[in-house]
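Chemist: Provided herewith is a single structure, encoded as structure tokens, for subsequent inquiry.
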Amino acid sequence: MNRGVYTLALRALSPLVWLWMGRRAKRAGGQWEIFSRERFGHLPAALSPAPQPAPVWVHAVSLGETRAAQPLLQALLDRGLPVLLTHVTATGRAEGARLFQDAIARGQLHQAWLPYDFPGATRRFMAGRRPRCGLLIEREIWPNLLAAAREAGVPMALVSARFSASSLRQAGRMGSVMREALAGLDAVLTQTAEDAARLAQAGARPPVVTGNLKFDLALPDAQVRAGQAWRERLGRRVIAVASTREGEDSGFIEAIKRHAQISGTHDLPLFLLIPRHPQRFDEAARLLGDAGLPFARRSEGADPGPDTTVLLGDTLGEMAFYYAASDVAIVAGSFAPLGGQNLIEACAAGVPVIVGPHTFNFKQAAEDAIQAGAVQRAADAGQAVDAAMALAGDDARRRRGGEAARAWFGAHAGATRRTLDTLAPWLDAGPQP
């Protein structure tokens, strides 16, 4: 497939893409603005086209990538650089607004929708925004966007890149359009040597291994202190079941119910059930109600009572609070073949971690953390809850696991510095209005 065929296919399929986005927006809430002019590359009417300092453009597609990019974005802001932060999803945009509200208020950081990957839209975006460089977080490779950047003379980098075996196979199936897009990247900075080898095989120029930006994450002090104080006030052991994806909640609820039936509410830990996506909060509440488990909702504000078995974490932007309040963390997204969710954040909080069998999105990190004693693997949700219960009841083992998690996290820091060092020539120069 060449880029012309790709563009024709994209135009033909775009109504289905917009329908999917509309349905997702309806479930997830938030302002998606699917047909806004900005999604087609136009500047917002309120934005002056007058010359401004050329921004460093960072693209973080959704919630996870926005959180992953936080250390890099903060470092750019600390250098006094103007930043343009783009997203595709409303959850990503809302998280960016929450994380960088001060920079947005003073006009140093601007948010925008990434344009659809049509040639005209991407050219308008480059002409209107005029970034000095573009930094794509993790896996965002859009052929027409990269072609428009080449035409505009905007250097582009794939940063904190991860590229799985399935991504390599998919790139092979797409043919020349993906090889051309990857070859058009001016720099490729990967998380691991395996990611680098796969990207080089797919057609990228020789990548540089700079590490995973998530290891430079600084948990919000206020949330950490609040979580620790909440745990102390609660006076119970706490087990977090974090970032559950569709199809996972029922297995955890069944396992929690089994333990509740064995021990009653006496000496049973409080379980925090935290769905990954907000559109599933009500579904998780329904499952808890159907199971007959006493539960409360974090969004309602009141502390759980002594008979509460599960607190449903139905809020956004509080993961640091949840981990700081926990004795053990089960990081989900890995108990169905979905690749896993971010286990690094839990390790940063100094919490022993349990993951499932499917961690291919974090393959190297998961393997390294298991070897370091920071993480253990469980075959299914029931086994994970059993292991968490055992850890929660063994102070010495839990303490050793938490110390190993914090040490492993600290040993892998530095990706932001290495990324900035590699990109230094771009940050002080680039196309100016």
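We name chains A, B, ... following the order of the structure tokens; residues begin at 1 in each chain, and ligands are numbered from 1 as shown.
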Run DSSP on the backbone and grab whatever in range 219-407 of chain A lands in strand (DSSP E or B); send it over as number ranges by chain.
Modeler: A: 238-244, 270-275, 295-297, 310-312, 328-331, 353-355, 375-377
Chemist: With only C-alpha atoms as the counted atoms, please give the residues lying no more than 12 Å from Ala332 in chain A, apart from itself and same-chain residues fewer than 2 positions off, as a ChimeraX atom specification.
Modeler: /A:240-249,251-252,273-276,329-330,334-343,346,353-359,377-381,384-385
Chemist: Which residues, written as a PyMOL selection string, have at least one atom at most 12 Å from Thr419 in chain A, with only C-alpha atoms counted and residues fewer than 5 positions away on the same chain left out?
Modeler: chain A and resi 69+71-73+75-76+135+137+157-161+187-191+208-213+216+413-414+424-427
Chemist: Limited to N, CA, C and O atoms, could you put the picked residues into a file as a short mmCIF file (atom, residue, chain, number, x, y, z; two decimals), in the first residue's frame?
Modeler:
```
data_model
loop_
_atom_site.label_atom_id
_atom_site.label_comp_id
_atom_site.auth_asym_id
_atom_site.auth_seq_id
_atom_site.Cartn_x
_atom_site.Cartn_y
_atom_site.Cartn_z
N ALA A 69 3.91 11.47 29.13
CA ALA A 69 4.66 12.64 28.65
C ALA A 69 4.87 13.71 29.71
O ALA A 69 5.62 14.66 29.48
N PRO A 71 6.65 14.13 32.52
CA PRO A 71 8.00 14.59 32.88
C PRO A 71 8.67 15.38 31.76
O PRO A 71 9.34 16.39 32.02
N LEU A 72 8.49 14.94 30.52
CA LEU A 72 9.09 15.64 29.39
C LEU A 72 8.45 17.01 29.21
O LEU A 72 9.14 18.02 29.01
N LEU A 73 7.13 17.07 29.27
CA LEU A 73 6.44 18.35 29.13
C LEU A 73 6.86 19.34 30.21
O LEU A 73 7.10 20.52 29.94
N ALA A 75 9.66 19.38 31.85
CA ALA A 75 11.03 19.81 31.60
C ALA A 75 11.10 20.88 30.51
O ALA A 75 11.88 21.83 30.61
N LEU A 76 10.28 20.74 29.48
CA LEU A 76 10.23 21.75 28.42
C LEU A 76 9.72 23.08 28.97
O LEU A 76 10.25 24.16 28.66
N LEU A 135 7.20 16.05 18.64
CA LEU A 135 7.57 14.89 19.44
C LEU A 135 6.33 14.02 19.62
O LEU A 135 5.37 14.42 20.28
N ILE A 137 4.55 10.76 21.10
CA ILE A 137 4.77 9.92 22.27
C ILE A 137 4.36 8.47 21.99
O ILE A 137 3.23 8.19 21.61
N ALA A 157 10.25 13.50 15.83
CA ALA A 157 10.83 12.39 16.60
C ALA A 157 9.72 11.55 17.21
O ALA A 157 8.69 12.07 17.64
N LEU A 158 9.95 10.26 17.23
CA LEU A 158 9.12 9.33 18.01
C LEU A 158 9.84 9.14 19.33
O LEU A 158 10.99 8.70 19.36
N VAL A 159 9.17 9.49 20.43
CA VAL A 159 9.83 9.59 21.74
C VAL A 159 9.24 8.56 22.69
O VAL A 159 8.04 8.30 22.69
N SER A 160 10.11 7.97 23.52
CA SER A 160 9.70 6.91 24.45
C SER A 160 8.93 5.84 23.67
O SER A 160 7.90 5.32 24.12
N ALA A 161 9.46 5.49 22.51
CA ALA A 161 8.75 4.64 21.57
C ALA A 161 8.73 3.19 22.04
O ALA A 161 9.72 2.67 22.55
N ALA A 187 14.26 11.36 14.15
CA ALA A 187 14.88 10.71 15.30
C ALA A 187 13.88 9.72 15.89
O ALA A 187 12.68 9.98 15.91
N VAL A 188 14.39 8.60 16.34
CA VAL A 188 13.56 7.57 16.98
C VAL A 188 14.22 7.22 18.30
O VAL A 188 15.34 6.69 18.33
N LEU A 189 13.54 7.53 19.39
CA LEU A 189 14.06 7.33 20.74
C LEU A 189 13.19 6.29 21.43
O LEU A 189 12.01 6.53 21.67
N THR A 190 13.77 5.13 21.72
CA THR A 190 12.97 4.00 22.17
C THR A 190 13.12 3.71 23.66
O THR A 190 14.08 4.13 24.30
N GLN A 191 12.15 2.93 24.16
CA GLN A 191 12.19 2.52 25.55
C GLN A 191 13.22 1.43 25.79
O GLN A 191 13.92 1.43 26.80
N VAL A 208 17.74 5.30 18.88
CA VAL A 208 18.55 5.48 20.08
C VAL A 208 17.71 5.05 21.29
O VAL A 208 16.56 5.47 21.42
N VAL A 209 18.28 4.21 22.14
CA VAL A 209 17.56 3.76 23.34
C VAL A 209 17.77 4.81 24.43
O VAL A 209 18.86 4.99 24.94
N THR A 210 16.69 5.50 24.79
CA THR A 210 16.77 6.54 25.83
C THR A 210 15.98 6.17 27.08
O THR A 210 16.11 6.83 28.10
N GLY A 211 15.15 5.11 27.00
CA GLY A 211 14.40 4.67 28.16
C GLY A 211 12.95 5.13 28.15
O GLY A 211 12.49 5.79 27.21
N ASN A 212 12.28 4.80 29.21
CA ASN A 212 10.84 5.02 29.34
C ASN A 212 10.59 6.26 30.19
O ASN A 212 11.01 6.34 31.35
N LEU A 213 9.89 7.24 29.62
CA LEU A 213 9.62 8.49 30.35
C LEU A 213 8.85 8.25 31.64
O LEU A 213 8.92 9.07 32.56
N ASP A 216 10.42 8.66 35.05
CA ASP A 216 10.73 10.00 35.58
C ASP A 216 9.50 10.67 36.17
O ASP A 216 9.53 11.85 36.52
N ALA A 413 15.48 5.72 36.28
CA ALA A 413 15.20 7.12 35.99
C ALA A 413 16.21 7.68 34.98
O ALA A 413 17.29 7.12 34.78
N GLY A 414 15.86 8.77 34.36
CA GLY A 414 16.80 9.48 33.49
C GLY A 414 16.41 9.58 32.03
O GLY A 414 17.11 10.19 31.23
N ALA A 424 18.45 18.29 21.87
CA ALA A 424 18.88 19.66 22.19
C ALA A 424 19.00 20.57 20.98
O ALA A 424 18.56 21.74 21.03
N PRO A 425 19.55 20.12 19.84
CA PRO A 425 19.66 21.05 18.69
C PRO A 425 18.31 21.54 18.19
O PRO A 425 18.23 22.63 17.61
N TRP A 426 17.26 20.75 18.38
CA TRP A 426 15.94 21.16 17.92
C TRP A 426 15.27 22.16 18.85
O TRP A 426 14.44 22.96 18.41
N LEU A 427 15.59 22.09 20.11
CA LEU A 427 14.86 22.88 21.10
C LEU A 427 15.25 24.34 21.10
O LEU A 427 14.51 25.18 21.59
#
```
Chemist: Counting only C-alpha atoms, figure out which residue out of A:Arg39, A:Arg417, A:Arg27, A:Arg11 gets nearest to Pro278 in chain A.
Modeler: A:Arg27
Chemist: Interatomic distance between CA of Ala25 in chain A and CA of Val310 in chain A?
Modeler: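 A separation of 27.8 Å between them.
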Chemist: Which of these residues is nearest to Gly382 in chain A, using only C-alpha atoms: A:Glu38, A:Glu254, A:Asp368, A:Glu300?
Modeler: A:Glu254
Chemist: Using backbone DSSP assignments, extract all helix (DSSP H, G or I) residues from range 76-106 of chain A; output them as a PyMOL selection string.
Modeler: chain A and resi 76-78+90-99+101-105
Chemist: Please, could you write that set of residues out with N, CA and C atoms as an mmCIF file, in the first residue's frame?
Modeler:
```
data_model
loop_
_atom_site.group_PDB
_atom_site.id
_atom_site.type_symbol
_atom_site.label_atom_id
_atom_site.label_comp_id
_atom_site.auth_asym_id
_atom_site.auth_seq_id
_atom_site.Cartn_x
_atom_site.Cartn_y
_atom_site.Cartn_z
ATOM 1 N N LEU A 76 10.280 20.738 29.475
ATOM 2 C CA LEU A 76 10.232 21.754 28.423
ATOM 3 C C LEU A 76 9.717 23.084 28.971
ATOM 4 N N LEU A 77 8.673 23.004 29.794
ATOM 5 C CA LEU A 77 8.125 24.223 30.390
ATOM 6 C C LEU A 77 9.139 24.876 31.322
ATOM 7 N N ASP A 78 9.866 24.051 32.086
ATOM 8 C CA ASP A 78 10.872 24.590 33.009
ATOM 9 C C ASP A 78 11.985 25.321 32.260
ATOM 10 N N ALA A 90 -10.902 12.940 24.399
ATOM 11 C CA ALA A 90 -11.282 13.942 25.397
ATOM 12 C C ALA A 90 -10.649 13.661 26.746
ATOM 13 N N THR A 91 -10.457 12.372 27.093
ATOM 14 C CA THR A 91 -9.830 12.054 28.379
ATOM 15 C C THR A 91 -8.376 12.513 28.399
ATOM 16 N N GLY A 92 -7.678 12.357 27.280
ATOM 17 C CA GLY A 92 -6.312 12.849 27.207
ATOM 18 C C GLY A 92 -6.248 14.358 27.342
ATOM 19 N N ARG A 93 -7.164 15.034 26.671
ATOM 20 C CA ARG A 93 -7.175 16.500 26.730
ATOM 21 C C ARG A 93 -7.523 16.988 28.132
ATOM 22 N N ALA A 94 -8.470 16.322 28.789
ATOM 23 C CA ALA A 94 -8.839 16.721 30.147
ATOM 24 C C ALA A 94 -7.679 16.498 31.110
ATOM 25 N N GLU A 95 -6.947 15.413 30.940
ATOM 26 C CA GLU A 95 -5.798 15.150 31.812
ATOM 27 C C GLU A 95 -4.701 16.181 31.582
ATOM 28 N N GLY A 96 -4.457 16.538 30.318
ATOM 29 C CA GLY A 96 -3.478 17.579 30.040
ATOM 30 C C GLY A 96 -3.860 18.904 30.663
ATOM 31 N N ALA A 97 -5.145 19.240 30.609
ATOM 32 C CA ALA A 97 -5.618 20.483 31.217
ATOM 33 C C ALA A 97 -5.435 20.458 32.728
ATOM 34 N N ARG A 98 -5.643 19.279 33.326
ATOM 35 C CA ARG A 98 -5.497 19.164 34.778
ATOM 36 C C ARG A 98 -4.033 19.262 35.188
ATOM 37 N N LEU A 99 -3.165 18.567 34.456
ATOM 38 C CA LEU A 99 -1.757 18.513 34.831
ATOM 39 C C LEU A 99 -1.053 19.855 34.640
ATOM 40 N N GLN A 101 -2.492 23.115 34.235
ATOM 41 C CA GLN A 101 -3.407 24.254 34.288
ATOM 42 C C GLN A 101 -2.673 25.574 34.491
ATOM 43 N N ASP A 102 -1.578 25.578 35.258
ATOM 44 C CA ASP A 102 -0.843 26.829 35.474
ATOM 45 C C ASP A 102 -0.170 27.304 34.188
ATOM 46 N N ALA A 103 0.448 26.363 33.452
ATOM 47 C CA ALA A 103 1.116 26.732 32.201
ATOM 48 C C ALA A 103 0.103 27.193 31.165
ATOM 49 N N ILE A 104 -1.081 26.593 31.180
ATOM 50 C CA ILE A 104 -2.145 27.020 30.264
ATOM 51 C C ILE A 104 -2.618 28.429 30.636
ATOM 52 N N ALA A 105 -2.772 28.681 31.937
ATOM 53 C CA ALA A 105 -3.258 29.987 32.394
ATOM 54 C C ALA A 105 -2.294 31.112 32.020
#
```
Chemist: Which residue out of A:Gln111, A:Phe125, A:Ala68, A:Asp327 has the minimum interatomic distance to Glu232 in chain A when only C-alpha atoms are used?
Modeler: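 When distances to Glu232 in chain A are compared using only C-alpha atoms, the smallest one comes from A:Asp327.
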Chemist: Just to confirm, what's the straight-line distance from CA of Trp142 in chain A to CA of Gln31 in chain A in Å (one decimal)?
Modeler: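 Computing it gives 23.2 Å between the two atoms.
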Chemist: If you measure from CA of Glu140 in chain A to CA of His42 in chain A, what distance in Å do you get, rounded to one decimal?
Modeler: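 We find that CA of Glu140 in chain A and CA of His42 in chain A lie 20.6 Å from each other.
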Chemist: Select, from A:Ala193, A:Ala392, A:Ala348, A:Met319, the residue with the minimum atom-to-atom distance to Gln364 in chain A, counting only C-alpha atoms.
Modeler: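 The shortest atom-to-atom distance to Gln364 in chain A comes from A:Ala193.
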Chemist: Using only C-alpha atoms for the distances, tell me which of A:Leu136, A:Ile239, A:Ala291, A:Ala324 is nearest to Leu219 in chain A.
Modeler: A:Ala324
